[in-house]
Structures are given as C-alpha cells and as structure tokens.
Amino acid sequence: MTIKEIKQVFTQNKGFITADDLDMTANRYLLEKMLANNEISNLKKGVYVLNNYEVYDQRVLIAKMYPKAIFCLFSAWQYHELTTSLPIKHNIALNRNTKIVAIDYPPMDVHYWQQEIYQLGIENIVIDHEKIKIYDIEKSVCDAIKHRGKIGEDITIEVVKNYINHKAKNLNKLMVYAKQLRIQKLTEQYIKPLL
C-alpha cells in the first residue's frame, strides 16, 4: 500500500482510520512517515486522523474509538433539540465496569453508570453513514431530571419544557423510564405543571 492509497482510506472513512481499517503491521512504516510529516495525528493507540480534514463528525470518531459509548446528557439533549446550550465537550456514558483512557481530542466527559441505567433507552442513529448509539428522547429527559443538581435547574426546566412541546414525545414511555430510574414522583412534579 502507498501513502496515496492510505489517504484514500482516510477519505473513505470521513478523515480517520482505526487499526481495523488497515493491516497495521504492513502499513506501520507509512503511518509513522505520515506522522513525522504532520499529515496525520495519532489520537490514541490504533486511531489516526487526517490533519486538515474538516468534514468528519467528532461523534463518529468517538463511536469508532469507543464502540460501547452512548451519547448522553448535553450531547443527547442537543441532538433531540431539547436545549439551546451547546456542549463544550461530548458527553458519553459507559458501563461502570468499563474503563477507558481519556484523550484530549475530541473533548469528552465520560460518565460511568450502573448497568441498569447504562442500558436503558439506547437508540441507534446514523451520522455520515455510521451507526452511533445515543439515548432516546425519554431517557434523555429522565437524565436531565436525575442530574438536575449537577446541570442546574434552568437547564432541567428547559429540557422538560422542550420535551413537552416535542412532537415525538411519549409520556407513557417517559414514566416507565422514570419508574425504572426511581424518579417517578420527581418527574411528575416537573411534567404536570406543563401539561
């Protein structure tokens, strides 16, 4: 394989590659050469991004690096149009028993949750032809209520109000999730005044 062919693989993968995309042993020398020439950056072991490639979506990159990650909190609220707050970092959830090494780029806040909370309300979306895991709209609202002390009352109220006005809301599903997360009464206190 040549550097030109490796760059084509980068382009096909929206600006980044993982060890699974290339035969790393056969192409390690070329990747090292590209690193030395500042053509690519090594984000973490086995994950490289093509410098000056502006099209890739950071969420796709995170999903490739951490296949068990689920976008949550601010990342999910923004996706579901529940908040006007733009996240400074991507928020991802992982099972409490899974540990990862934090990286500087893309910027992330990692939340380690119990299995019951982690696996509840996962949906797959497609960004740049890649599947990404994110919490559905009802789980995202429950997360806002559950983490109201950390995120602030104003953001919690904004998320709940936007959910009530959202065409895709499912109040029955919301209350099922709230019961599973043990925040049913609290969720009712936020929801009832807005109905």
# chains A, B, ... in the order shown; residues from 1 in each chain; ligands from 1
call {"tool": "residues_around", "arguments": {"residues": "Phe10 of chain A", "least_positions_apart": "6", "cutoff": "9 Å", "atoms": "only C-alpha atoms", "output": "ChimeraX atom specification"}}
result
/A:16-17,48-50
call {"tool": "select_by_dssp", "arguments": {"residues": "segment 48-170 of chain A", "states": "helix (DSSP H, G or I)", "output": "PyMOL selection string"}}
result
chain A and resi 58-65+73-79+115-118+137-146+148-151+153-164
call {"tool": "write_last_selection", "arguments": {"atoms": "C-alpha atoms", "output": "tab-separated table (two decimals), in the first residue's frame"}}
result
chain	number	residue	atom	x	y	z
A	58	GLN	CA	-16.40	14.01	16.03
A	59	ARG	CA	-19.27	11.81	17.22
A	60	VAL	CA	-18.44	9.26	14.53
A	61	LEU	CA	-14.82	9.31	15.62
A	62	ILE	CA	-15.76	8.79	19.27
A	63	ALA	CA	-18.11	5.93	18.34
A	64	LYS	CA	-15.31	4.29	16.34
A	65	MET	CA	-12.82	4.66	19.21
A	73	LEU	CA	-26.76	14.39	28.67
A	74	PHE	CA	-25.84	17.56	26.72
A	75	SER	CA	-24.92	15.59	23.59
A	76	ALA	CA	-28.29	13.80	23.59
A	77	TRP	CA	-30.26	16.94	24.55
A	78	GLN	CA	-28.71	18.85	21.67
A	79	TYR	CA	-29.40	16.01	19.22
A	115	GLN	CA	-25.74	-1.45	34.05
A	116	GLU	CA	-29.50	-0.81	34.55
A	117	ILE	CA	-29.08	2.91	33.87
A	118	TYR	CA	-26.50	2.46	31.11
A	137	ILE	CA	-35.57	11.36	23.97
A	138	GLU	CA	-37.39	9.95	27.04
A	139	LYS	CA	-34.21	8.61	28.65
A	140	SER	CA	-32.55	11.96	27.93
A	141	VAL	CA	-35.32	13.82	29.77
A	142	CYS	CA	-35.05	11.43	32.72
A	143	ASP	CA	-31.29	12.02	32.79
A	144	ALA	CA	-31.90	15.79	32.98
A	145	ILE	CA	-34.22	15.33	35.95
A	146	LYS	CA	-31.95	12.78	37.64
A	148	ARG	CA	-30.60	18.33	37.95
A	149	GLY	CA	-28.25	19.09	40.84
A	150	LYS	CA	-25.19	18.88	38.59
A	151	ILE	CA	-26.57	20.58	35.47
A	153	GLU	CA	-32.43	23.82	37.47
A	154	ASP	CA	-32.64	26.16	34.47
A	155	ILE	CA	-31.32	23.54	32.03
A	156	THR	CA	-33.54	20.84	33.56
A	157	ILE	CA	-36.62	23.02	33.10
A	158	GLU	CA	-35.59	23.90	29.53
A	159	VAL	CA	-35.18	20.21	28.64
A	160	VAL	CA	-38.55	19.27	30.19
A	161	LYS	CA	-40.40	22.20	28.54
A	162	ASN	CA	-38.95	21.41	25.12
A	163	TYR	CA	-39.87	17.75	25.59
A	164	ILE	CA	-43.49	18.61	26.40
call {"tool": "atom_distance", "arguments": {"atom1": "atom CA of Asp136 of chain A", "atom2": "atom CA of Asn13 of chain A"}}
result
26.1 Å
call {"tool": "atom_distance", "arguments": {"atom1": "atom CA of Gly46 of chain A", "atom2": "atom CA of Ala19 of chain A"}}
result
4.7 Å
call {"tool": "atom_distance", "arguments": {"atom1": "atom CA of Lys45 of chain A", "atom2": "atom CA of Lys99 of chain A"}}
result
15.2 Å
call {"tool": "residues_around", "arguments": {"residues": "segment 27-34 of chain A", "least_positions_apart": "3", "cutoff": "9 Å", "atoms": "only C-alpha atoms", "output": "MDAnalysis selection string"}}
result
chainID A and resid 1:3 6 22:24 37:41 48
